[in-house]
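Structure below is run_32.pdb: PDB, C-alpha atoms.
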ATOM      1  CA  MET A   7    -120.693 -95.006 -33.394
ATOM      2  CA  LYS A   8    -122.512 -91.911 -34.559
ATOM      3  CA  ILE A   9    -121.312 -89.383 -37.122
ATOM      4  CA  LEU A  10    -123.156 -86.063 -37.199
ATOM      5  CA  ALA A  11    -122.795 -83.693 -40.147
ATOM      6  CA  VAL A  12    -123.262 -80.133 -38.959
ATOM      7  CA  CYS A  13    -123.881 -76.853 -40.761
ATOM      8  CA  GLN A  14    -125.108 -73.404 -39.870
ATOM      9  CA  SER A  15    -128.757 -73.881 -40.771
ATOM     10  CA  GLY A  16    -128.980 -77.679 -40.706
ATOM     11  CA  LEU A  17    -130.833 -77.499 -44.017
ATOM     12  CA  GLY A  18    -128.526 -78.029 -46.930
ATOM     13  CA  SER A  19    -124.818 -78.503 -46.568
ATOM     14  CA  SER A  20    -125.010 -80.860 -43.598
ATOM     15  CA  PHE A  21    -127.324 -83.167 -45.531
ATOM     16  CA  MET A  22    -124.844 -83.141 -48.417
ATOM     17  CA  VAL A  23    -122.093 -84.272 -46.066
ATOM     18  CA  GLN A  24    -124.367 -86.933 -44.544
ATOM     19  CA  MET A  25    -125.085 -88.345 -48.002
ATOM     20  CA  ASN A  26    -121.395 -88.391 -48.888
ATOM     21  CA  VAL A  27    -120.430 -90.137 -45.645
ATOM     22  CA  GLN A  28    -123.135 -92.763 -46.164
ATOM     23  CA  GLN A  29    -121.999 -93.349 -49.736
ATOM     24  CA  ILE A  30    -118.382 -93.724 -48.611
ATOM     25  CA  LEU A  31    -119.326 -96.244 -45.893
ATOM     26  CA  LYS A  32    -121.048 -98.227 -48.633
ATOM     27  CA  ASP A  33    -118.066 -97.904 -51.009
ATOM     28  CA  GLU A  34    -115.727 -99.055 -48.235
ATOM     29  CA  ASN A  35    -117.946-102.105 -47.593
ATOM     30  CA  VAL A  36    -118.455-101.186 -43.954
ATOM     31  CA  ASP A  37    -121.067-103.252 -42.142
ATOM     32  CA  VAL A  38    -123.005-100.348 -40.618
ATOM     33  CA  ASP A  39    -125.533-102.575 -38.817
ATOM     34  CA  ALA A  40    -122.982-104.866 -37.181
ATOM     35  CA  ASN A  41    -120.877-101.883 -36.113
ATOM     36  CA  ASP A  42    -123.938 -99.866 -35.070
ATOM     37  CA  ILE A  43    -122.951 -96.868 -37.195
ATOM     38  CA  THR A  44    -125.461 -94.065 -37.662
ATOM     39  CA  VAL A  45    -125.079 -90.883 -39.732
ATOM     40  CA  ASP A  46    -127.317 -87.854 -39.283
ATOM     41  CA  HIS A  47    -127.292 -84.086 -39.873
ATOM     42  CA  SER A  48    -128.177 -81.088 -37.744
ATOM     43  CA  ASP A  49    -127.680 -77.350 -37.345
ATOM     44  CA  VAL A  50    -124.724 -76.079 -35.401
ATOM     45  CA  GLY A  51    -126.878 -74.675 -32.584
ATOM     46  CA  SER A  52    -128.399 -78.035 -31.645
ATOM     47  CA  ALA A  53    -125.137 -80.013 -31.777
ATOM     48  CA  THR A  54    -123.840 -80.839 -28.290
ATOM     49  CA  ALA A  55    -120.984 -83.112 -27.231
ATOM     50  CA  ASP A  56    -123.566 -85.822 -26.436
ATOM     51  CA  SER A  57    -125.227 -85.782 -29.850
ATOM     52  CA  ALA A  58    -122.538 -87.822 -31.638
ATOM     53  CA  ASP A  59    -119.073 -89.374 -31.470
ATOM     54  CA  TYR A  60    -117.721 -87.463 -34.472
ATOM     55  CA  PHE A  61    -118.791 -84.117 -35.926
ATOM     56  CA  PHE A  62    -118.150 -83.351 -39.605
ATOM     57  CA  VAL A  63    -118.261 -79.613 -40.279
ATOM     58  CA  GLU A  64    -117.185 -77.107 -42.939
ATOM     59  CA  SER A  65    -113.900 -75.697 -41.628
ATOM     60  CA  THR A  66    -114.978 -72.045 -41.262
ATOM     61  CA  LEU A  67    -117.706 -73.110 -38.820
ATOM     62  CA  ALA A  68    -115.238 -74.802 -36.446
ATOM     63  CA  ASP A  69    -115.468 -72.084 -33.796
ATOM     64  CA  ALA A  70    -119.219 -72.552 -33.509
ATOM     65  CA  LEU A  71    -118.546 -76.066 -32.164
ATOM     66  CA  GLY A  72    -116.398 -74.694 -29.346
ATOM     67  CA  SER A  73    -117.957 -76.836 -26.620
ATOM     68  CA  ILE A  74    -117.091 -80.098 -28.398
ATOM     69  CA  PRO A  75    -113.675 -81.753 -27.856
ATOM     70  CA  LYS A  76    -111.389 -80.970 -30.811
ATOM     71  CA  GLU A  77    -110.399 -84.615 -31.385
ATOM     72  CA  ARG A  78    -114.009 -85.436 -32.226
ATOM     73  CA  ILE A  79    -114.383 -82.653 -34.798
ATOM     74  CA  VAL A  80    -113.560 -83.309 -38.457
ATOM     75  CA  LEU A  81    -113.007 -80.144 -40.480
ATOM     76  CA  LEU A  82    -113.890 -80.273 -44.180
ATOM     77  CA  LYS A  83    -112.373 -77.883 -46.707
ATOM     78  CA  SER A  84    -114.833 -78.973 -49.373
ATOM     79  CA  LEU A  85    -118.243 -80.535 -48.797
ATOM     80  CA  ILE A  86    -118.456 -81.987 -52.284
ATOM     81  CA  ASP A  87    -114.977 -83.493 -52.577
ATOM     82  CA  LYS A  88    -115.598 -87.195 -52.041
ATOM     83  CA  LYS A  89    -111.880 -87.953 -51.841
ATOM     84  CA  GLU A  90    -111.397 -85.543 -48.947
ATOM     85  CA  THR A  91    -114.471 -86.833 -47.107
ATOM     86  CA  ALA A  92    -113.337 -90.438 -47.710
ATOM     87  CA  GLU A  93    -109.958 -89.749 -46.088
ATOM     88  CA  HIS A  94    -111.712 -88.408 -43.002
ATOM     89  CA  VAL A  95    -114.194 -91.284 -42.852
ATOM     90  CA  ASN A  96    -111.360 -93.823 -43.118
ATOM     91  CA  TYR A  97    -109.501 -92.042 -40.318
ATOM     92  CA  VAL A  98    -112.572 -92.293 -38.099
ATOM     93  CA  LEU A  99    -113.047 -95.985 -38.993
ATOM     94  CA  ASP A 100    -109.401 -96.750 -38.188
ATOM     95  CA  ASN A 101    -109.687 -94.820 -34.955
ATOM     96  CA  GLU A 102    -112.678 -96.940 -33.961
ATOM     97  CA  ASN A 103    -111.094-100.205 -35.186
ATOM     98  CA  ILE A 104    -113.894-100.760 -37.678
ATOM     99  CA  ALA A 105    -113.051-102.925 -40.689
ATOM    100  CA  HIS A 106    -113.216-101.323 -44.142
ATOM    101  CA  ASP A 107    -111.687-101.724 -47.627
TER     102      ASP A 107
ATOM    103  CA  MET B  29    -136.715 -81.780 -59.910
ATOM    104  CA  LEU B  30    -133.392 -80.048 -60.512
ATOM    105  CA  ASN B  31    -134.305 -79.806 -64.171
ATOM    106  CA  ASP B  32    -137.541 -77.984 -63.329
ATOM    107  CA  LEU B  33    -135.962 -75.620 -60.813
ATOM    108  CA  LEU B  34    -132.935 -74.699 -62.913
ATOM    109  CA  ASN B  35    -134.420 -73.274 -66.087
ATOM    110  CA  GLN B  36    -134.018 -70.390 -68.527
ATOM    111  CA  GLU B  37    -135.429 -68.020 -65.939
ATOM    112  CA  THR B  38    -133.311 -69.064 -62.942
ATOM    113  CA  VAL B  39    -129.920 -69.710 -64.564
ATOM    114  CA  GLN B  40    -127.783 -66.675 -65.386
ATOM    115  CA  LEU B  41    -124.251 -65.852 -66.415
ATOM    116  CA  THR B  42    -122.423 -62.548 -66.094
ATOM    117  CA  ASP B  43    -119.159 -61.050 -67.325
ATOM    118  CA  ALA B  44    -119.222 -58.323 -64.693
ATOM    119  CA  THR B  45    -115.873 -57.687 -63.025
ATOM    120  CA  ASP B  46    -116.992 -55.279 -60.319
ATOM    121  CA  LEU B  47    -119.419 -57.416 -58.300
ATOM    122  CA  SER B  48    -119.080 -57.819 -54.555
ATOM    123  CA  TRP B  49    -120.132 -61.134 -53.023
ATOM    124  CA  GLU B  50    -123.246 -59.404 -51.695
ATOM    125  CA  THR B  51    -124.269 -58.172 -55.149
ATOM    126  CA  ALA B  52    -123.480 -61.586 -56.643
ATOM    127  CA  ILE B  53    -125.883 -63.249 -54.189
ATOM    128  CA  ARG B  54    -128.513 -60.559 -54.897
ATOM    129  CA  LEU B  55    -128.115 -61.036 -58.657
ATOM    130  CA  ALA B  56    -128.247 -64.840 -58.372
ATOM    131  CA  ALA B  57    -131.442 -64.599 -56.280
ATOM    132  CA  LYS B  58    -133.130 -61.970 -58.462
ATOM    133  CA  PRO B  59    -135.183 -64.445 -60.555
ATOM    134  CA  LEU B  60    -136.434 -66.104 -57.353
ATOM    135  CA  VAL B  61    -137.574 -62.755 -55.935
ATOM    136  CA  ALA B  62    -139.175 -61.886 -59.285
ATOM    137  CA  ASN B  63    -141.194 -65.132 -59.434
ATOM    138  CA  GLY B  64    -142.190 -64.941 -55.775
ATOM    139  CA  SER B  65    -140.227 -67.962 -54.539
ATOM    140  CA  VAL B  66    -138.469 -65.833 -51.931
ATOM    141  CA  THR B  67    -138.873 -62.327 -50.520
ATOM    142  CA  GLU B  68    -136.337 -59.513 -50.443
ATOM    143  CA  GLN B  69    -136.009 -60.280 -46.723
ATOM    144  CA  TYR B  70    -134.816 -63.794 -47.584
ATOM    145  CA  VAL B  71    -132.065 -62.364 -49.752
ATOM    146  CA  ASN B  72    -130.980 -59.987 -46.980
ATOM    147  CA  SER B  73    -130.962 -62.864 -44.524
ATOM    148  CA  MET B  74    -128.692 -64.995 -46.772
ATOM    149  CA  ILE B  75    -126.222 -62.113 -46.776
ATOM    150  CA  ASP B  76    -126.581 -61.534 -43.021
ATOM    151  CA  VAL B  77    -125.710 -65.150 -42.155
ATOM    152  CA  VAL B  78    -122.491 -64.913 -44.148
ATOM    153  CA  ASN B  79    -121.647 -61.652 -42.401
ATOM    154  CA  ASP B  80    -122.369 -63.303 -39.036
ATOM    155  CA  GLN B  81    -120.985 -66.801 -39.611
ATOM    156  CA  GLY B  82    -118.361 -66.398 -42.294
ATOM    157  CA  PRO B  83    -117.981 -67.929 -45.771
ATOM    158  CA  TYR B  84    -119.264 -71.384 -44.820
ATOM    159  CA  ILE B  85    -121.571 -71.374 -47.885
ATOM    160  CA  ASN B  86    -118.399 -72.047 -49.917
ATOM    161  CA  ILE B  87    -119.309 -75.733 -50.228
ATOM    162  CA  GLY B  88    -116.626 -76.692 -52.727
ATOM    163  CA  ASP B  89    -113.837 -75.251 -54.829
ATOM    164  CA  HIS B  90    -115.247 -72.091 -56.497
ATOM    165  CA  ILE B  91    -118.813 -73.079 -55.558
ATOM    166  CA  ALA B  92    -121.176 -71.331 -53.131
ATOM    167  CA  LEU B  93    -124.619 -72.438 -51.973
ATOM    168  CA  ALA B  94    -126.367 -69.415 -50.464
ATOM    169  CA  HIS B  95    -129.390 -70.184 -48.311
ATOM    170  CA  THR B  96    -131.016 -69.342 -44.998
ATOM    171  CA  ARG B  97    -133.805 -70.665 -42.788
ATOM    172  CA  PRO B  98    -137.252 -70.984 -44.480
ATOM    173  CA  GLU B  99    -138.890 -68.669 -41.934
ATOM    174  CA  ASN B 100    -136.769 -65.770 -43.230
ATOM    175  CA  GLY B 101    -138.971 -65.323 -46.277
ATOM    176  CA  SER B 102    -139.107 -68.483 -48.350
ATOM    177  CA  ASN B 103    -142.420 -69.232 -50.097
ATOM    178  CA  ARG B 104    -141.473 -72.445 -51.870
ATOM    179  CA  ILE B 105    -138.587 -74.739 -52.731
ATOM    180  CA  SER B 106    -136.475 -72.980 -55.308
ATOM    181  CA  LEU B 107    -133.002 -73.023 -56.773
ATOM    182  CA  ALA B 108    -131.081 -70.572 -58.934
ATOM    183  CA  LEU B 109    -127.594 -70.468 -60.423
ATOM    184  CA  LEU B 110    -125.388 -67.560 -61.399
ATOM    185  CA  LYS B 111    -122.019 -68.071 -63.034
ATOM    186  CA  THR B 112    -119.641 -65.133 -62.686
ATOM    187  CA  ASN B 113    -117.034 -65.448 -65.417
ATOM    188  CA  HIS B 114    -114.662 -63.566 -63.156
ATOM    189  CA  ASP B 115    -114.124 -65.058 -59.691
ATOM    190  CA  ILE B 116    -115.562 -63.055 -56.829
ATOM    191  CA  ALA B 117    -114.102 -63.228 -53.341
ATOM    192  CA  LEU B 118    -116.631 -64.504 -50.832
ATOM    193  CA  VAL B 119    -115.761 -62.480 -47.713
ATOM    194  CA  ASN B 120    -112.018 -62.879 -48.358
ATOM    195  CA  GLN B 121    -109.498 -63.933 -51.011
ATOM    196  CA  TYR B 122    -109.349 -67.497 -49.707
ATOM    197  CA  HIS B 123    -112.881 -68.149 -50.958
ATOM    198  CA  PRO B 124    -113.045 -67.287 -54.680
ATOM    199  CA  ILE B 125    -116.416 -68.224 -56.202
ATOM    200  CA  THR B 126    -117.498 -68.832 -59.810
ATOM    201  CA  LEU B 127    -120.751 -70.781 -59.385
ATOM    202  CA  TRP B 128    -123.324 -69.146 -57.083
ATOM    203  CA  PHE B 129    -126.280 -71.356 -56.203
ATOM    204  CA  VAL B 130    -129.208 -69.949 -54.239
ATOM    205  CA  LEU B 131    -131.505 -72.405 -52.469
ATOM    206  CA  SER B 132    -134.765 -71.911 -50.610
ATOM    207  CA  ALA B 133    -136.609 -74.536 -48.602
ATOM    208  CA  VAL B 134    -139.940 -74.562 -46.767
ATOM    209  CA  ASP B 135    -139.090 -77.027 -44.013
ATOM    210  CA  SER B 136    -136.219 -79.319 -43.042
ATOM    211  CA  GLU B 137    -137.207 -82.270 -45.217
ATOM    212  CA  SER B 138    -139.043 -81.523 -48.451
ATOM    213  CA  HIS B 139    -136.057 -80.081 -50.338
ATOM    214  CA  LEU B 140    -133.711 -82.980 -49.600
ATOM    215  CA  GLU B 141    -134.360 -84.532 -53.013
ATOM    216  CA  VAL B 142    -133.114 -81.295 -54.613
ATOM    217  CA  ILE B 143    -129.987 -81.368 -52.460
ATOM    218  CA  LYS B 144    -129.451 -84.991 -53.437
ATOM    219  CA  GLN B 145    -129.649 -84.190 -57.141
ATOM    220  CA  LEU B 146    -127.484 -81.116 -56.743
ATOM    221  CA  MET B 147    -124.872 -83.235 -54.965
ATOM    222  CA  THR B 148    -124.917 -85.829 -57.731
ATOM    223  CA  LEU B 149    -124.233 -82.994 -60.161
ATOM    224  CA  LEU B 150    -121.497 -81.331 -58.110
ATOM    225  CA  THR B 151    -119.604 -84.439 -56.999
ATOM    226  CA  ASN B 152    -119.034 -85.247 -60.677
ATOM    227  CA  GLU B 153    -115.699 -83.567 -61.420
ATOM    228  CA  ALA B 154    -116.167 -83.647 -65.196
ATOM    229  CA  THR B 155    -119.545 -81.914 -64.933
ATOM    230  CA  VAL B 156    -118.190 -79.243 -62.607
ATOM    231  CA  LYS B 157    -115.320 -78.604 -65.037
ATOM    232  CA  GLN B 158    -117.841 -78.152 -67.840
ATOM    233  CA  LEU B 159    -119.948 -75.772 -65.748
ATOM    234  CA  MET B 160    -116.866 -73.709 -64.873
ATOM    235  CA  ALA B 161    -116.040 -73.432 -68.576
ATOM    236  CA  ALA B 162    -119.578 -72.645 -69.796
ATOM    237  CA  SER B 163    -119.798 -69.415 -71.764
ATOM    238  CA  SER B 164    -123.554 -68.854 -71.761
ATOM    239  CA  ALA B 165    -126.630 -69.538 -69.636
ATOM    240  CA  GLU B 166    -127.806 -71.927 -72.370
ATOM    241  CA  ASP B 167    -124.551 -73.876 -72.040
ATOM    242  CA  LEU B 168    -125.049 -74.140 -68.281
ATOM    243  CA  LEU B 169    -128.590 -75.439 -68.772
ATOM    244  CA  THR B 170    -127.541 -77.951 -71.406
ATOM    245  CA  ILE B 171    -124.833 -79.333 -69.113
ATOM    246  CA  ILE B 172    -127.164 -79.540 -66.108
ATOM    247  CA  HIS B 173    -130.041 -81.101 -68.012
ATOM    248  CA  SER B 174    -127.919 -83.626 -69.888
ATOM    249  CA  ARG B 175    -126.290 -84.852 -66.668
ATOM    250  CA  ASN B 176    -129.503 -85.104 -64.717
ATOM    251  CA  GLU B 177    -132.316 -86.896 -66.481
TER     252      GLU B 177
END
Write-out of the structure in structure tokens:
Amino acid sequence: MKILAVCQSGLGSSFMVQMNVQQILKDENVDVDANDITVDHSDVGSATADSADYFFVESTLADALGSIPKERIVLLKSLIDKKETAEHVNYVLDNENIAHD
Amino acid sequence: MLNDLLNQETVQLTDATDLSWETAIRLAAKPLVANGSVTEQYVNSMIDVVNDQGPYINIGDHIALAHTRPENGSNRISLALLKTNHDIALVNQYHPITLWFVLSAVDSESHLEVIKQLMTLLTNEATVKQLMAASSAEDLLTIIHSRNE
């Protein structure tokens, strides 16, 4: 399962989200190797439906991901609110039947 | 690294009530233009991307991180902070901003340590509360430097 954090430039905010997601996976004691989970970041222009299973993006950029199925897009109100990101990560984990705390 | 980049020169605070989001970004970036970290073109580009793409630089409650691609006039990794004591609407009223960070990078990798440290600072709710309440640039610096050693 691959999670891709996306932002307009692919420079700053998407990396922040990537770091948060990785930290949350660790906090939730998810076995990322056994479940083959990868987390990466990219700019919105290079993100295609094939590049990941789930796309985490700041909510005002949602339209820029128009070609990607809505159910695979996770909209974030805040990029630095760990609680919000954790809720979304747990939703994705449940959706994929991956064990977590 | 954050401690070097955010210093007496690059951290500012203003009481101004009449700033637009464009002028707030220009003011926040002024020290970086003055010390040659970024060009005037870089500043224009940061504003253009918000005009084109919307207020996505609103990375958290009352916090903006203005930046654009390195090729738009960035000479080195740099970071600046402006606190506007009065909230300023970024594009619209749903995005009020108090802390305006400006970031420049030179490629896609070398500034990631700065982002990491900035995230450590901003994901700490107590620190953010203190920054929001700071009444001088010195206060802002003290908070940043004491949290990030």
Extract, using all atoms listed in the file, all DNA, RNA and protein residues at most 8 Å from segment 132-140 of chain B, discarding same-chain residues fewer than 3 positions from it, and format them as a PDB file with C-alpha atoms, in the coordinates of the input.
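The resulting selection.pdb:
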ATOM      1  CA  GLY A  16    -128.980 -77.679 -40.706  1.00  0.00           C
ATOM      2  CA  LEU A  17    -130.833 -77.499 -44.017  1.00  0.00           C
ATOM      3  CA  GLY A  18    -128.526 -78.029 -46.930  1.00  0.00           C
ATOM      4  CA  PHE A  21    -127.324 -83.167 -45.531  1.00  0.00           C
TER       5      PHE A  21
ATOM      6  CA  SER B  65    -140.227 -67.962 -54.539  1.00  0.00           C
ATOM      7  CA  VAL B  66    -138.469 -65.833 -51.931  1.00  0.00           C
ATOM      8  CA  HIS B  95    -129.390 -70.184 -48.311  1.00  0.00           C
ATOM      9  CA  THR B  96    -131.016 -69.342 -44.998  1.00  0.00           C
ATOM     10  CA  ARG B  97    -133.805 -70.665 -42.788  1.00  0.00           C
ATOM     11  CA  PRO B  98    -137.252 -70.984 -44.480  1.00  0.00           C
ATOM     12  CA  GLU B  99    -138.890 -68.669 -41.934  1.00  0.00           C
ATOM     13  CA  SER B 102    -139.107 -68.483 -48.350  1.00  0.00           C
ATOM     14  CA  ASN B 103    -142.420 -69.232 -50.097  1.00  0.00           C
ATOM     15  CA  ARG B 104    -141.473 -72.445 -51.870  1.00  0.00           C
ATOM     16  CA  ILE B 105    -138.587 -74.739 -52.731  1.00  0.00           C
ATOM     17  CA  SER B 106    -136.475 -72.980 -55.308  1.00  0.00           C
ATOM     18  CA  LEU B 107    -133.002 -73.023 -56.773  1.00  0.00           C
ATOM     19  CA  ILE B 143    -129.987 -81.368 -52.460  1.00  0.00           C
ATOM     20  CA  LYS B 144    -129.451 -84.991 -53.437  1.00  0.00           C
TER      21      LYS B 144
END
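Note that the spacing between atom CA of Ile87 of chain B and atom CA of Leu150 of chain B amounts to 9.9 Å.
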*Quick one, how far is atom CA of Asn96 of chain A from atom CA of Ser65 of chain A?*
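Atom CA of Ser65 of chain A lies 18.4 Å from atom CA of Asn96 of chain A.
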- Rounded to one decimal place, report the atom CA of Ala154 of chain B-atom CA of Leu168 of chain B distance in Å.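 Separation between atom CA of Ala154 of chain B and atom CA of Leu168 of chain B: 13.4 Å.
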Query raised in the report: Could you write out as a PyMOL selection string the residues that the PyMOL selection byres ((chain B and resi 67-74) around 10) matches in the shown file?
Result: chain B and resi 50+53-58+60-66+75-79+85+93-103+130-132
(message) Applying the PyMOL selection byres ((chain B and resi 174) around 12) to the file I just gave you, which residues come out? Please list them as a PyMOL selection string.
(response) chain B and resi 30-31+149+155+158-159+166-173+175-177
Restrict the selected residues to C-alpha atoms and save them as a PDB file, in the coordinates of the input.
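Printed below is result-v9.pdb as written:
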ATOM      1  CA  LEU B  30    -133.392 -80.048 -60.512  1.00  0.00           C
ATOM      2  CA  ASN B  31    -134.305 -79.806 -64.171  1.00  0.00           C
ATOM      3  CA  LEU B 149    -124.233 -82.994 -60.161  1.00  0.00           C
ATOM      4  CA  THR B 155    -119.545 -81.914 -64.933  1.00  0.00           C
ATOM      5  CA  GLN B 158    -117.841 -78.152 -67.840  1.00  0.00           C
ATOM      6  CA  LEU B 159    -119.948 -75.772 -65.748  1.00  0.00           C
ATOM      7  CA  GLU B 166    -127.806 -71.927 -72.370  1.00  0.00           C
ATOM      8  CA  ASP B 167    -124.551 -73.876 -72.040  1.00  0.00           C
ATOM      9  CA  LEU B 168    -125.049 -74.140 -68.281  1.00  0.00           C
ATOM     10  CA  LEU B 169    -128.590 -75.439 -68.772  1.00  0.00           C
ATOM     11  CA  THR B 170    -127.541 -77.951 -71.406  1.00  0.00           C
ATOM     12  CA  ILE B 171    -124.833 -79.333 -69.113  1.00  0.00           C
ATOM     13  CA  ILE B 172    -127.164 -79.540 -66.108  1.00  0.00           C
ATOM     14  CA  HIS B 173    -130.041 -81.101 -68.012  1.00  0.00           C
ATOM     15  CA  ARG B 175    -126.290 -84.852 -66.668  1.00  0.00           C
ATOM     16  CA  ASN B 176    -129.503 -85.104 -64.717  1.00  0.00           C
ATOM     17  CA  GLU B 177    -132.316 -86.896 -66.481  1.00  0.00           C
TER      18      GLU B 177
END
### Query
What lies within 8 Å of Gln40 of chain B using only C-alpha atoms, ignoring chain neighbours under 5 positions off, as a PyMOL selection string?
chain B and resi 56+109-111+164-165
Evaluate the PyMOL selection byres ((chain B and resi 88) around 10) against this structure - the residues, as a list of chain:residue names, please. A:Glu64, A:Leu82, A:Lys83, A:Ser84, A:Leu85, A:Ile86, A:Asp87, B:Tyr84, B:Ile85, B:Asn86, B:Ile87, B:Asp89, B:His90, B:Ile91, B:Ala92, B:Leu93, B:His123, B:Ile125, B:Leu127, B:Leu150, B:Thr151
B:Gly82, B:Glu153, B:Thr45, B:Pro59 ranked by distance to Lys89 of chain A, top pick (using all atoms listed in the file):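 Checking each of B:Gly82, B:Glu153, B:Thr45, B:Pro59 against Lys89 of chain A, counting all atoms listed in the file, the winner is B:Glu153.
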Next item on the list: Select, counting all atoms listed in the file, all protein, DNA and RNA residues no farther than 7 Å from (-112.2, -87.8, -33.9) in file coordinates, and express the selection as a ChimeraX atom specification.
Entry: /A:60,77-80,98
Between A:Asn35, A:Thr54, A:Ser48, A:Asn103, smallest distance to chain B by only C-alpha atoms belongs to A:Ser48
Of B:Val156, B:Ile116, B:Met147, B:Leu41, the one nearest to chain A when counting only C-alpha atoms is B:Met147
Can you take the partial segment 44-63 of chain A, add N, CA and C atoms, and return it as a compact mmCIF listing (two decimals), in the coordinates of the input?
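Contents of part-v1.txt, freshly written:
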# COMPACT_ATOMS: atom_id res chain seq x y z
N THR A 44 -124.39 -94.91 -37.15
CA THR A 44 -125.46 -94.06 -37.66
C THR A 44 -124.86 -92.75 -38.15
N VAL A 45 -125.51 -92.17 -39.19
CA VAL A 45 -125.08 -90.88 -39.73
C VAL A 45 -126.31 -89.99 -39.79
N ASP A 46 -126.17 -88.78 -39.28
CA ASP A 46 -127.32 -87.85 -39.28
C ASP A 46 -126.80 -86.44 -39.56
N HIS A 47 -127.72 -85.48 -39.68
CA HIS A 47 -127.29 -84.09 -39.87
C HIS A 47 -128.08 -83.16 -38.95
N SER A 48 -127.48 -82.04 -38.61
CA SER A 48 -128.18 -81.09 -37.74
C SER A 48 -127.58 -79.69 -37.91
N ASP A 49 -128.24 -78.70 -37.33
CA ASP A 49 -127.68 -77.35 -37.34
C ASP A 49 -126.70 -77.21 -36.19
N VAL A 50 -125.83 -76.22 -36.33
CA VAL A 50 -124.72 -76.08 -35.40
C VAL A 50 -125.23 -75.77 -33.98
N GLY A 51 -126.34 -75.07 -33.88
CA GLY A 51 -126.88 -74.68 -32.58
C GLY A 51 -127.37 -75.85 -31.76
N SER A 52 -127.88 -76.90 -32.41
CA SER A 52 -128.40 -78.04 -31.64
C SER A 52 -127.38 -79.14 -31.42
N ALA A 53 -126.15 -78.98 -31.97
CA ALA A 53 -125.14 -80.01 -31.78
C ALA A 53 -124.44 -79.84 -30.43
N THR A 54 -124.56 -80.86 -29.57
CA THR A 54 -123.84 -80.84 -28.29
C THR A 54 -122.89 -82.03 -28.27
N ALA A 55 -121.98 -82.04 -27.31
CA ALA A 55 -120.98 -83.11 -27.23
C ALA A 55 -121.64 -84.49 -27.15
N ASP A 56 -122.87 -84.55 -26.59
CA ASP A 56 -123.57 -85.82 -26.44
C ASP A 56 -124.24 -86.30 -27.72
N SER A 57 -124.41 -85.40 -28.70
CA SER A 57 -125.23 -85.78 -29.85
C SER A 57 -124.54 -86.75 -30.81
N ALA A 58 -123.21 -86.88 -30.75
CA ALA A 58 -122.54 -87.82 -31.64
C ALA A 58 -121.13 -88.10 -31.14
N ASP A 59 -120.47 -89.08 -31.80
CA ASP A 59 -119.07 -89.37 -31.47
C ASP A 59 -118.13 -88.52 -32.30
N TYR A 60 -118.54 -88.29 -33.58
CA TYR A 60 -117.72 -87.46 -34.47
C TYR A 60 -118.60 -86.43 -35.15
N PHE A 61 -118.05 -85.22 -35.32
CA PHE A 61 -118.79 -84.12 -35.93
C PHE A 61 -118.06 -83.68 -37.19
N PHE A 62 -118.73 -83.79 -38.34
CA PHE A 62 -118.15 -83.35 -39.60
C PHE A 62 -118.70 -81.96 -39.89
N VAL A 63 -117.80 -80.99 -40.10
CA VAL A 63 -118.26 -79.61 -40.28
C VAL A 63 -117.36 -78.88 -41.27
